[in-house]
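Source file: upload_31.cif; contents: mmCIF, C-alpha atoms.
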```
data_input
#
loop_
_atom_site.group_PDB
_atom_site.id
_atom_site.type_symbol
_atom_site.label_atom_id
_atom_site.label_comp_id
_atom_site.auth_asym_id
_atom_site.auth_seq_id
_atom_site.Cartn_x
_atom_site.Cartn_y
_atom_site.Cartn_z
ATOM 1 C CA MET I 1 -6.381 15.599 38.776
ATOM 2 C CA ASP I 2 -4.980 19.131 39.107
ATOM 3 C CA LYS I 3 -3.279 21.043 36.323
ATOM 4 C CA ARG I 4 0.242 20.059 37.401
ATOM 5 C CA ASP I 5 -0.589 16.306 37.462
ATOM 6 C CA PHE I 6 -2.301 16.596 34.074
ATOM 7 C CA LEU I 7 0.793 18.171 32.495
ATOM 8 C CA LYS I 8 3.060 15.469 33.956
ATOM 9 C CA THR I 9 0.811 12.699 32.658
ATOM 10 C CA PHE I 10 0.488 14.337 29.235
ATOM 11 C CA SER I 11 4.278 14.769 28.935
ATOM 12 C CA ALA I 12 4.896 11.124 29.836
ATOM 13 C CA LEU I 13 2.386 9.924 27.235
ATOM 14 C CA LEU I 14 3.976 12.183 24.612
ATOM 15 C CA VAL I 15 7.416 10.684 25.272
ATOM 16 C CA LEU I 16 6.025 7.163 24.976
ATOM 17 C CA ALA I 17 4.251 7.992 21.742
ATOM 18 C CA THR I 18 7.355 9.400 20.079
ATOM 19 C CA ALA I 19 9.900 6.861 21.376
ATOM 20 C CA PRO I 20 11.016 3.909 19.208
ATOM 21 C CA LYS I 21 8.953 0.769 19.700
ATOM 22 C CA ILE I 22 10.559 -1.848 21.941
ATOM 23 C CA LEU I 23 10.727 -5.491 20.875
ATOM 24 C CA TYR I 24 12.436 -8.056 23.096
ATOM 25 C CA GLY I 25 14.244 -5.284 24.943
ATOM 26 C CA ARG I 26 15.666 -3.654 21.771
ATOM 27 C CA PRO I 27 14.410 -0.536 19.944
ATOM 28 C CA VAL I 28 12.772 -1.191 16.578
ATOM 29 C CA MET I 29 13.392 1.649 14.146
ATOM 30 C CA ALA I 30 11.189 2.369 11.150
ATOM 31 C CA LYS I 31 12.468 0.897 7.902
ATOM 32 C CA LYS I 32 14.147 3.249 5.477
ATOM 33 C CA LYS I 33 12.396 3.610 2.150
ATOM 34 C CA VAL I 34 13.863 3.360 -1.334
ATOM 35 C CA LEU I 35 12.110 3.942 -4.644
ATOM 36 C CA VAL I 36 13.635 2.071 -7.587
ATOM 37 C CA LEU I 37 12.759 3.499 -10.993
ATOM 38 C CA GLY I 38 12.382 0.383 -13.108
ATOM 39 C CA GLY I 39 13.708 -2.477 -11.014
ATOM 40 C CA ARG I 40 12.632 -5.445 -13.143
ATOM 41 C CA ASN I 41 15.198 -5.564 -15.938
ATOM 42 C CA PHE I 42 18.976 -6.050 -16.326
ATOM 43 C CA ILE I 43 20.611 -4.505 -13.227
ATOM 44 C CA GLY I 44 17.313 -3.523 -11.568
ATOM 45 C CA PRO I 45 16.629 -6.857 -9.816
ATOM 46 C CA SER I 46 20.108 -6.865 -8.274
ATOM 47 C CA ILE I 47 19.516 -3.389 -6.854
ATOM 48 C CA VAL I 48 16.116 -4.391 -5.479
ATOM 49 C CA GLN I 49 17.411 -7.594 -3.887
ATOM 50 C CA LEU I 50 20.333 -5.869 -2.218
ATOM 51 C CA PHE I 51 18.155 -3.189 -0.612
ATOM 52 C CA GLN I 52 15.652 -5.850 0.445
ATOM 53 C CA GLY I 53 18.423 -7.873 2.054
ATOM 54 C CA ALA I 54 19.593 -4.790 3.949
ATOM 55 C CA GLY I 55 16.124 -4.345 5.455
ATOM 56 C CA TRP I 56 14.916 -1.450 3.341
ATOM 57 C CA GLU I 57 11.289 -0.947 2.346
ATOM 58 C CA VAL I 58 11.394 -1.101 -1.462
ATOM 59 C CA THR I 59 8.854 0.399 -3.870
ATOM 60 C CA LEU I 60 9.034 0.121 -7.656
ATOM 61 C CA LEU I 61 8.035 2.737 -10.199
ATOM 62 C CA ASN I 62 7.666 1.540 -13.775
ATOM 63 C CA ARG I 63 5.144 0.896 -16.538
ATOM 64 C CA GLY I 64 4.362 -2.622 -15.311
ATOM 65 C CA ARG I 65 5.246 -4.189 -18.673
ATOM 66 C CA THR I 66 8.754 -5.647 -18.366
ATOM 67 C CA ASN I 67 9.093 -8.874 -16.350
ATOM 68 C CA PRO I 68 5.866 -8.250 -14.391
ATOM 69 C CA HIS I 69 6.330 -11.626 -12.660
ATOM 70 C CA LEU I 70 9.294 -10.266 -10.669
ATOM 71 C CA PHE I 71 8.751 -9.010 -7.117
ATOM 72 C CA PRO I 72 4.953 -9.449 -6.956
ATOM 73 C CA GLU I 73 5.178 -8.852 -3.200
ATOM 74 C CA LEU I 74 6.466 -5.291 -3.603
ATOM 75 C CA PRO I 75 4.307 -2.176 -3.945
ATOM 76 C CA ILE I 76 4.492 -0.728 -7.439
ATOM 77 C CA ILE I 77 3.627 2.709 -8.775
ATOM 78 C CA ILE I 78 2.523 2.386 -12.394
ATOM 79 C CA CYS I 79 3.990 5.346 -14.237
ATOM 80 C CA ASP I 80 5.231 5.982 -17.778
ATOM 81 C CA ARG I 81 7.979 8.610 -17.592
ATOM 82 C CA GLU I 82 8.061 8.875 -21.396
ATOM 83 C CA LYS I 83 4.729 10.641 -21.602
ATOM 84 C CA GLU I 84 4.956 14.273 -22.590
ATOM 85 C CA ASP I 85 3.571 17.015 -20.325
ATOM 86 C CA ARG I 86 4.202 14.892 -17.202
ATOM 87 C CA GLN I 87 0.805 13.238 -17.474
ATOM 88 C CA ASP I 88 1.612 10.135 -15.433
ATOM 89 C CA LEU I 89 3.911 11.986 -13.033
ATOM 90 C CA GLN I 90 1.088 14.347 -12.146
ATOM 91 C CA LYS I 91 -1.181 11.416 -11.297
ATOM 92 C CA VAL I 92 1.529 9.983 -9.055
ATOM 93 C CA SER I 93 2.094 13.350 -7.392
ATOM 94 C CA ALA I 94 -1.557 13.552 -6.389
ATOM 95 C CA ARG I 95 -1.293 10.164 -4.641
ATOM 96 C CA ILE I 96 1.966 10.548 -2.705
ATOM 97 C CA LYS I 97 1.679 13.972 -1.097
ATOM 98 C CA ASN I 98 2.975 12.760 2.278
ATOM 99 C CA THR I 99 5.425 10.139 0.987
ATOM 100 C CA TYR I 100 9.169 10.474 1.515
ATOM 101 C CA TRP I 101 11.880 8.181 0.159
ATOM 102 C CA ASP I 102 15.258 8.108 1.834
ATOM 103 C CA ALA I 103 16.716 7.100 -1.517
ATOM 104 C CA VAL I 104 15.688 6.961 -5.174
ATOM 105 C CA VAL I 105 17.640 4.822 -7.677
ATOM 106 C CA ASP I 106 17.448 5.704 -11.375
ATOM 107 C CA THR I 107 19.077 3.490 -14.010
ATOM 108 C CA TRP I 108 17.179 4.924 -16.966
ATOM 109 C CA GLN I 109 18.844 6.606 -19.958
ATOM 110 C CA LYS I 110 16.335 7.223 -22.723
ATOM 111 C CA SER I 111 15.493 10.868 -22.055
ATOM 112 C CA PRO I 112 17.239 13.616 -20.040
ATOM 113 C CA LYS I 113 13.928 15.481 -20.046
ATOM 114 C CA ALA I 114 12.290 12.547 -18.235
ATOM 115 C CA VAL I 115 15.048 12.664 -15.612
ATOM 116 C CA PHE I 116 14.495 16.389 -15.109
ATOM 117 C CA ASP I 117 10.694 16.065 -14.964
ATOM 118 C CA PHE I 118 10.874 13.473 -12.206
ATOM 119 C CA ILE I 119 13.357 15.461 -10.121
ATOM 120 C CA ASP I 120 11.458 18.699 -10.648
ATOM 121 C CA MET I 121 8.230 17.189 -9.374
ATOM 122 C CA PHE I 122 9.516 14.993 -6.541
ATOM 123 C CA ARG I 123 12.753 16.499 -5.208
ATOM 124 C CA ASP I 124 11.013 17.389 -1.926
ATOM 125 C CA HIS I 125 10.163 13.689 -1.508
ATOM 126 C CA ILE I 126 13.772 12.483 -2.025
ATOM 127 C CA GLY I 127 16.601 12.258 0.476
ATOM 128 C CA HIS I 128 19.327 10.857 -1.811
ATOM 129 C CA TYR I 129 19.197 10.492 -5.602
ATOM 130 C CA HIS I 130 21.261 7.720 -7.221
ATOM 131 C CA TYR I 131 21.883 7.696 -10.969
ATOM 132 C CA VAL I 132 23.596 4.892 -12.891
ATOM 133 C CA SER I 133 25.468 6.657 -15.656
ATOM 134 C CA SER I 134 28.253 5.680 -18.044
ATOM 135 C CA VAL I 135 31.886 6.383 -18.841
ATOM 136 C CA SER I 136 30.595 7.576 -22.203
ATOM 137 C CA VAL I 137 30.011 10.972 -20.538
ATOM 138 C CA TYR I 138 33.760 11.669 -20.861
ATOM 139 C CA ASP I 139 34.710 13.744 -23.873
ATOM 140 C CA SER I 140 37.921 11.919 -24.818
ATOM 141 C CA TRP I 141 38.313 8.149 -24.889
ATOM 142 C CA ALA I 142 41.903 8.351 -26.153
ATOM 143 C CA GLU I 143 43.254 9.047 -22.664
ATOM 144 C CA LYS I 144 44.387 6.491 -20.099
ATOM 145 C CA GLY I 145 43.649 6.752 -16.404
ATOM 146 C CA ILE I 146 40.595 8.980 -16.697
ATOM 147 C CA ASP I 147 39.363 10.079 -13.280
ATOM 148 C CA GLU I 148 36.180 11.833 -12.182
ATOM 149 C CA SER I 149 37.626 15.258 -12.984
ATOM 150 C CA GLY I 150 37.830 14.345 -16.675
ATOM 151 C CA ARG I 151 36.190 16.691 -19.157
ATOM 152 C CA LEU I 152 32.595 15.769 -19.985
ATOM 153 C CA ASN I 153 31.013 15.793 -23.424
ATOM 154 C CA PRO I 154 29.987 19.172 -24.790
ATOM 155 C CA THR I 155 26.205 19.114 -24.906
ATOM 156 C CA PRO I 156 23.524 20.713 -27.068
ATOM 157 C CA GLU I 157 20.651 22.741 -25.680
ATOM 158 C CA PHE I 158 18.667 20.784 -23.112
ATOM 159 C CA PRO I 159 15.769 18.985 -24.828
ATOM 160 C CA ARG I 160 12.336 20.546 -24.560
ATOM 161 C CA THR I 161 10.519 17.267 -25.135
ATOM 162 C CA ILE I 162 10.869 13.631 -24.110
ATOM 163 C CA GLY I 163 11.175 12.543 -27.700
ATOM 164 C CA GLU I 164 14.163 14.643 -28.786
ATOM 165 C CA ASN I 165 16.714 12.161 -30.034
ATOM 166 C CA TYR I 166 20.358 12.302 -28.973
ATOM 167 C CA ARG I 167 22.932 9.524 -28.971
ATOM 168 C CA TYR I 168 23.440 7.504 -25.785
ATOM 169 C CA ALA I 169 26.507 9.402 -24.522
ATOM 170 C CA ILE I 170 24.807 12.785 -24.861
ATOM 171 C CA ARG I 171 21.661 11.541 -23.110
ATOM 172 C CA LYS I 172 23.754 10.368 -20.180
ATOM 173 C CA THR I 173 25.748 13.603 -20.052
ATOM 174 C CA LEU I 174 22.650 15.795 -20.159
ATOM 175 C CA SER I 175 21.036 13.667 -17.444
ATOM 176 C CA GLU I 176 24.072 14.034 -15.203
ATOM 177 C CA LYS I 177 24.140 17.790 -15.693
ATOM 178 C CA THR I 178 20.487 18.217 -14.788
ATOM 179 C CA ILE I 179 20.924 16.074 -11.662
ATOM 180 C CA MET I 180 23.913 18.170 -10.581
ATOM 181 C CA ALA I 181 21.999 21.372 -11.203
ATOM 182 C CA HIS I 182 18.775 20.431 -9.410
ATOM 183 C CA MET I 183 19.676 17.971 -6.628
ATOM 184 C CA GLU I 184 21.890 18.605 -3.619
ATOM 185 C CA ASN I 185 22.251 15.023 -2.409
ATOM 186 C CA TYR I 186 23.120 12.822 -5.370
ATOM 187 C CA THR I 187 25.535 10.050 -6.266
ATOM 188 C CA ILE I 188 26.377 9.295 -9.891
ATOM 189 C CA TYR I 189 27.928 5.965 -10.901
ATOM 190 C CA ARG I 190 29.883 6.045 -14.171
ATOM 191 C CA SER I 191 29.845 2.426 -15.256
ATOM 192 C CA HIS I 192 31.835 0.581 -17.905
ATOM 193 C CA GLY I 193 30.728 -2.663 -19.568
ATOM 194 C CA MET I 194 28.213 -3.860 -16.982
ATOM 195 C CA ARG I 195 28.064 -7.542 -16.032
ATOM 196 C CA ASP I 196 25.293 -9.230 -14.062
ATOM 197 C CA PHE I 197 23.366 -12.492 -13.948
ATOM 198 C CA ARG I 198 20.863 -10.776 -16.240
ATOM 199 C CA THR I 199 22.363 -9.462 -19.464
ATOM 200 C CA PRO I 200 20.966 -8.107 -22.720
ATOM 201 C CA ASP I 201 20.672 -10.207 -25.884
ATOM 202 C CA HIS I 202 24.044 -11.943 -26.274
ATOM 203 C CA SER I 203 23.585 -12.280 -30.037
ATOM 204 C CA ASN I 204 24.366 -8.587 -30.329
ATOM 205 C CA PRO I 205 28.137 -8.080 -30.857
ATOM 206 C CA ASN I 206 27.996 -4.848 -28.877
ATOM 207 C CA GLU I 207 27.153 -6.630 -25.659
ATOM 208 C CA GLU I 208 29.760 -7.357 -22.997
ATOM 209 C CA ASN I 209 29.336 -11.143 -22.938
ATOM 210 C CA TYR I 210 30.144 -11.506 -26.633
ATOM 211 C CA TRP I 211 33.713 -12.778 -26.290
ATOM 212 C CA PRO I 212 33.123 -15.650 -23.802
ATOM 213 C CA ILE I 213 30.284 -16.939 -25.987
ATOM 214 C CA ARG I 214 32.369 -16.569 -29.132
ATOM 215 C CA PHE I 215 35.200 -18.589 -27.597
ATOM 216 C CA ALA I 216 32.792 -21.258 -26.381
ATOM 217 C CA ARG I 217 31.625 -21.716 -29.973
ATOM 218 C CA GLY I 218 35.183 -22.182 -31.213
ATOM 219 C CA GLY I 219 36.329 -22.040 -34.823
ATOM 220 C CA GLU I 220 38.595 -19.351 -36.259
ATOM 221 C CA ILE I 221 38.219 -16.080 -34.360
ATOM 222 C CA LEU I 222 39.145 -12.660 -35.659
ATOM 223 C CA VAL I 223 40.517 -10.425 -32.912
ATOM 224 C CA PRO I 224 41.446 -6.726 -33.156
ATOM 225 C CA ASP I 225 45.106 -6.012 -32.417
ATOM 226 C CA ALA I 226 45.609 -2.448 -31.211
ATOM 227 C CA LYS I 227 48.159 -0.619 -29.099
ATOM 228 C CA ASP I 228 46.894 0.453 -25.661
ATOM 229 C CA HIS I 229 43.901 -1.837 -26.042
ATOM 230 C CA TYR I 230 42.381 -2.356 -22.577
ATOM 231 C CA TYR I 231 39.483 -4.360 -21.209
ATOM 232 C CA GLN I 232 37.495 -3.098 -18.226
ATOM 233 C CA ILE I 233 34.072 -3.941 -16.801
ATOM 234 C CA THR I 234 31.677 -3.013 -14.001
ATOM 235 C CA ASP I 235 30.492 -5.896 -11.843
ATOM 236 C CA VAL I 236 26.871 -5.124 -11.020
ATOM 237 C CA GLN I 237 26.876 -6.965 -7.693
ATOM 238 C CA SER I 238 29.838 -4.882 -6.520
ATOM 239 C CA LEU I 239 28.186 -1.735 -7.858
ATOM 240 C CA CYS I 240 25.027 -2.462 -5.857
ATOM 241 C CA LYS I 241 27.036 -2.949 -2.663
ATOM 242 C CA PHE I 242 28.824 0.340 -3.266
ATOM 243 C CA MET I 243 25.463 2.019 -3.901
ATOM 244 C CA LEU I 244 24.141 0.758 -0.565
ATOM 245 C CA THR I 245 27.323 1.946 1.166
ATOM 246 C CA CYS I 246 26.950 5.409 -0.371
ATOM 247 C CA THR I 247 23.325 5.480 0.759
ATOM 248 C CA GLU I 248 24.022 4.513 4.336
ATOM 249 C CA ASN I 249 27.110 6.751 4.646
ATOM 250 C CA LYS I 250 25.566 9.694 2.747
ATOM 251 C CA THR I 251 28.391 9.679 0.212
ATOM 252 C CA TYR I 252 27.694 12.117 -2.601
ATOM 253 C CA GLY I 253 29.339 13.009 -5.911
ATOM 254 C CA ALA I 254 30.309 11.262 -9.162
ATOM 255 C CA TYR I 255 32.349 8.029 -9.178
ATOM 256 C CA ASN I 256 33.912 5.793 -11.788
ATOM 257 C CA VAL I 257 32.809 2.253 -10.969
ATOM 258 C CA ALA I 258 34.813 -0.436 -12.764
ATOM 259 C CA TYR I 259 37.461 -3.029 -12.103
ATOM 260 C CA ARG I 260 41.054 -2.145 -12.879
ATOM 261 C CA PRO I 261 41.841 -2.444 -16.603
ATOM 262 C CA ILE I 262 43.788 -5.322 -18.111
ATOM 263 C CA LYS I 263 45.336 -5.580 -21.526
ATOM 264 C CA PHE I 264 42.865 -6.910 -24.060
ATOM 265 C CA LYS I 265 45.417 -9.489 -25.238
ATOM 266 C CA THR I 266 45.662 -10.796 -21.665
ATOM 267 C CA TYR I 267 41.884 -11.106 -21.499
ATOM 268 C CA ILE I 268 41.784 -13.009 -24.803
ATOM 269 C CA ARG I 269 44.550 -15.392 -23.722
ATOM 270 C CA ARG I 270 42.702 -16.142 -20.465
ATOM 271 C CA LEU I 271 39.509 -16.905 -22.382
ATOM 272 C CA GLY I 272 41.466 -19.293 -24.593
ATOM 273 C CA LYS I 273 42.853 -21.136 -21.569
ATOM 274 C CA VAL I 274 39.408 -21.481 -19.988
ATOM 275 C CA ALA I 275 37.589 -22.533 -23.166
ATOM 276 C CA HIS I 276 40.505 -24.565 -24.631
ATOM 277 C CA LYS I 277 39.539 -22.933 -27.904
ATOM 278 C CA PRO I 278 39.994 -21.881 -30.638
ATOM 279 C CA LYS I 279 42.518 -23.707 -32.734
ATOM 280 C CA ARG I 280 43.407 -20.445 -34.436
ATOM 281 C CA LEU I 281 43.232 -16.760 -33.546
ATOM 282 C CA ILE I 282 43.485 -14.240 -36.353
ATOM 283 C CA TRP I 283 44.890 -10.927 -35.090
ATOM 284 C CA ILE I 284 44.083 -8.007 -37.388
ATOM 285 C CA PRO I 285 45.675 -4.558 -36.854
ATOM 286 C CA GLY I 286 43.161 -2.216 -35.256
ATOM 287 C CA ASP I 287 43.930 0.655 -37.657
ATOM 288 C CA PHE I 288 43.163 -1.601 -40.623
ATOM 289 C CA LEU I 289 39.815 -2.616 -39.119
ATOM 290 C CA ILE I 290 38.855 0.999 -38.474
ATOM 291 C CA LYS I 291 39.769 2.000 -42.035
ATOM 292 C CA SER I 292 37.626 -0.904 -43.239
ATOM 293 C CA GLY I 293 34.616 0.501 -41.366
ATOM 294 C CA ILE I 294 34.734 -1.840 -38.353
ATOM 295 C CA ARG I 295 34.445 0.428 -35.338
ATOM 296 C CA PRO I 296 35.680 -0.141 -31.793
ATOM 297 C CA TYR I 297 32.847 -1.174 -29.464
ATOM 298 C CA ARG I 298 30.190 -0.350 -32.068
ATOM 299 C CA ASP I 299 30.974 -3.391 -34.215
ATOM 300 C CA VAL I 300 33.438 -5.285 -32.008
ATOM 301 C CA SER I 301 32.638 -5.716 -28.333
ATOM 302 C CA ALA I 302 35.062 -4.557 -25.615
ATOM 303 C CA TRP I 303 37.461 -2.912 -28.083
ATOM 304 C CA LYS I 304 38.094 0.326 -26.261
ATOM 305 C CA LEU I 305 41.041 2.691 -26.281
ATOM 306 C CA MET I 306 40.682 3.984 -22.746
ATOM 307 C CA SER I 307 40.950 3.046 -19.089
ATOM 308 C CA LEU I 308 39.668 4.546 -15.869
ATOM 309 C CA ASN I 309 40.939 5.429 -12.474
ATOM 310 C CA CYS I 310 38.201 4.154 -10.174
ATOM 311 C CA SER I 311 37.440 5.661 -6.798
ATOM 312 C CA PRO I 312 35.638 2.819 -4.975
#
```

Take the structure in the file and write it out as structure tokens.
Amino acid sequence: MDKRDFLKTFSALLVLATAPKILYGRPVMAKKKVLVLGGRNFIGPSIVQLFQGAGWEVTLLNRGRTNPHLFPELPIIICDREKEDRQDLQKVSARIKNTYWDAVVDTWQKSPKAVFDFIDMFRDHIGHYHYVSSVSVYDSWAEKGIDESGRLNPTPEFPRTIGENYRYAIRKTLSEKTIMAHMENYTIYRSHGMRDFRTPDHSNPNEENYWPIRFARGGEILVPDAKDHYYQITDVQSLCKFMLTCTENKTYGAYNVAYRPIKFKTYIRRLGKVAHKPKRLIWIPGDFLIKSGIRPYRDVSAWKLMSLNCSP
């Protein structure tokens, strides 16, 4: 074989080696990879299942403690993001030097510092960062029709440690700000009263499924009566579909993700029709309840004085 024939043969082999594999006459492309931080609690399983159904290669990253029976077939990276000094993250970094994820989904909210630490260490391994946030990042809840340009909460100095304690809304706001500052390709989902087939403890009056359960139990029910009292939720299944759409279409930015608001009184009346209960509703003026120390949403579920304009 002369030099010219060798080069032709080598070039042909190179093309074959780099071309997509062919199966039954159709090209088979490599699966896209997604890393789900958590993935085994509340909305996590819905996210995992949707990406699985769309043909993605899913990996979990969590401590391996919550619902360990879920998704035993999936690869899992055991990592505790709450450890100071990035101890577990450093161990992970040493193992995944050549790993790249087309998408990373983060639903966590406990520590903005943990969000920053992960991004700081792995941004070169991430194509698209997804963060499930909250409408609590908006500074004023007295407005109606809040859109994504709404003013965010003023924030304190960014925490130096994982353990610095801020309230939920500030943690979410700080997390959003660090994502915006350190990631180019990100999508933030500002949710509102999330509903899924997995929900937190329904005995807690702060949770979103409180009212249906209360009506099912019957008896006399005290209901707050307030002007401009709206009810609005985020359906997790719809959120997951929107997340997949944003991933596949490379849609970036921050989005309100909730159904259109309805009057709270309308919601209560519909519950009554479905449950055929109670025999008596006791409507108490909202101002009176607040003066008596009963706070909207904190002590009475779904009592909010705001509504959102939603982009999806």

Original post:
What separation in Å, quoted to one decimal, exists between CA of Phe264 in chain I and CA of Lys227 in chain I?
Top reply: 9.6 Å

Original post:
Val34 in chain I: which residues within 6 Å, counting only C-alpha atoms, same-chain residues fewer than 3 positions away excluded, as a PyMOL selection string?
Top reply: chain I and resi 58+101-104

**OP:** Measure the distance from CA of Leu152 in chain I to CA of Ser191 in chain I in Å and round it to one decimal.
**Re:**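 CA of Ser191 in chain I lies 14.4 Å from CA of Leu152 in chain I.
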
**OP:** Evaluate the PyMOL selection byres ((chain I and resi 52) around 12) and record the selected residues as a list in words, following the chain and residue labels used in the document.
**Re:** Lys31, Lys32, Lys33, Val34, Leu35, Val36, Pro45, Ser46, Ile47, Val48, Gln49, Leu50, Phe51, Gly53, Ala54, Gly55, Trp56, Glu57, Val58, Thr59, Phe71, Glu73, Leu74, Cys240 and Leu244 of chain I

**OP:** Go through I:Ser93, I:Ser111, I:Ser301, I:Thr99 and flag the residue nearest Tyr210 in chain I, using only C-alpha atoms for the distances.
**Re:** I:Ser301

Subject >> For Ile284 in chain I, the nearest of the candidates I:Leu271, I:Ile233, I:Ala226, I:Ile213, counting all atoms listed in the file >> reply: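 Closest to Ile284 in chain I of all the choices is I:Ala226.
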
Subject >> Expected selection from the PyMOL selection byres ((chain I and resi 117) around 12), given as JSON, numbers by chain >> reply: {"I": [80, 81, 82, 83, 84, 85, 86, 87, 88, 89, 90, 93, 111, 112, 113, 114, 115, 116, 118, 119, 120, 121, 122, 123, 159, 160, 161, 162, 175, 178, 179, 182]}

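For the atom pair formed by CA of Ala94 in chain I and CA of Phe158 in chain I, the distance is 27.2 Å, given to one decimal.
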
Edge lengths and centre in Å, axis-aligned, range 140-149 of chain I plus 4 Å each side, as AutoDock Vina command-line options:
```
--center_x 40.3 --center_y 10.9 --center_z -19.2 --size_x 16.2 --size_y 16.8 --size_z 22.0
```

**OP:** Using only C-alpha atoms, find all polymer residues with an atom at most 10 Å away from the point (24.7, 16.5, -19.7); report them as a list in words.
**Re:**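 I get Pro112, Val137, Leu152, Asn153, Pro154, Thr155, Pro156, Glu157, Phe158, Ala169, Ile170, Arg171, Lys172, Thr173, Leu174, Ser175, Glu176, Lys177, Thr178, Ile179 and Met180 of chain I for the residues within 10 Å of that point.
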
Subject >> Hits from the PyMOL selection byres ((chain I and resi 134) around 6), listed as a PyMOL selection string >> reply: chain I and resi 133+135-136+190-191

**OP:** Please identify all polymer residues lying at most 8 Å from the point (15.6, 3.6, -15.1) (file coordinates), using all atoms listed in the file, and present the result as number ranges by chain.
**Re:** I: 36-39, 105-109

Residues from last step as file, C-alpha atoms, as a CSV table (one decimal), in the frame of the given file:
```csv
chain,number,residue,atom,x,y,z
I,36,VAL,CA,13.6,2.1,-7.6
I,37,LEU,CA,12.8,3.5,-11.0
I,38,GLY,CA,12.4,0.4,-13.1
I,39,GLY,CA,13.7,-2.5,-11.0
I,105,VAL,CA,17.6,4.8,-7.7
I,106,ASP,CA,17.4,5.7,-11.4
I,107,THR,CA,19.1,3.5,-14.0
I,108,TRP,CA,17.2,4.9,-17.0
I,109,GLN,CA,18.8,6.6,-20.0
```

**OP:** Show which residues sit within 10 Å of range 268-270 of chain I, as number ranges by chain. Count only C-alpha atoms, and ignore same-chain residues fewer than 3 positions away.
**Re:** I: 211-212, 215, 223, 231, 263-265, 273-277, 281

Resulting file, chosen residues, C-alpha atoms, as an mmCIF file, in the coordinates of the input:
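The result, written out as out.cif:
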```
data_model
loop_
_atom_site.group_PDB
_atom_site.id
_atom_site.type_symbol
_atom_site.label_atom_id
_atom_site.label_comp_id
_atom_site.auth_asym_id
_atom_site.auth_seq_id
_atom_site.Cartn_x
_atom_site.Cartn_y
_atom_site.Cartn_z
ATOM 1 C CA TRP I 211 33.713 -12.778 -26.290
ATOM 2 C CA PRO I 212 33.123 -15.650 -23.802
ATOM 3 C CA PHE I 215 35.200 -18.589 -27.597
ATOM 4 C CA VAL I 223 40.517 -10.425 -32.912
ATOM 5 C CA TYR I 231 39.483 -4.360 -21.209
ATOM 6 C CA LYS I 263 45.336 -5.580 -21.526
ATOM 7 C CA PHE I 264 42.865 -6.910 -24.060
ATOM 8 C CA LYS I 265 45.417 -9.489 -25.238
ATOM 9 C CA LYS I 273 42.853 -21.136 -21.569
ATOM 10 C CA VAL I 274 39.408 -21.481 -19.988
ATOM 11 C CA ALA I 275 37.589 -22.533 -23.166
ATOM 12 C CA HIS I 276 40.505 -24.565 -24.631
ATOM 13 C CA LYS I 277 39.539 -22.933 -27.904
ATOM 14 C CA LEU I 281 43.232 -16.760 -33.546
#
```

**OP:** Using all atoms listed in the file, pick whichever of I:Asn256, I:His229, I:Lys291, I:His130 has the shortest atom-to-atom distance to Glu143 in chain I.
**Re:**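 For Glu143 in chain I, the nearest of the candidates is I:His229.
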
Original post:
Between I:Phe288, I:Gly293, I:Lys110, I:Asp196, which one has atoms that come closest to Tyr168 in chain I, using only C-alpha atoms?
Top reply: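 Selected residue with least distance to Tyr168 in chain I: I:Lys110.
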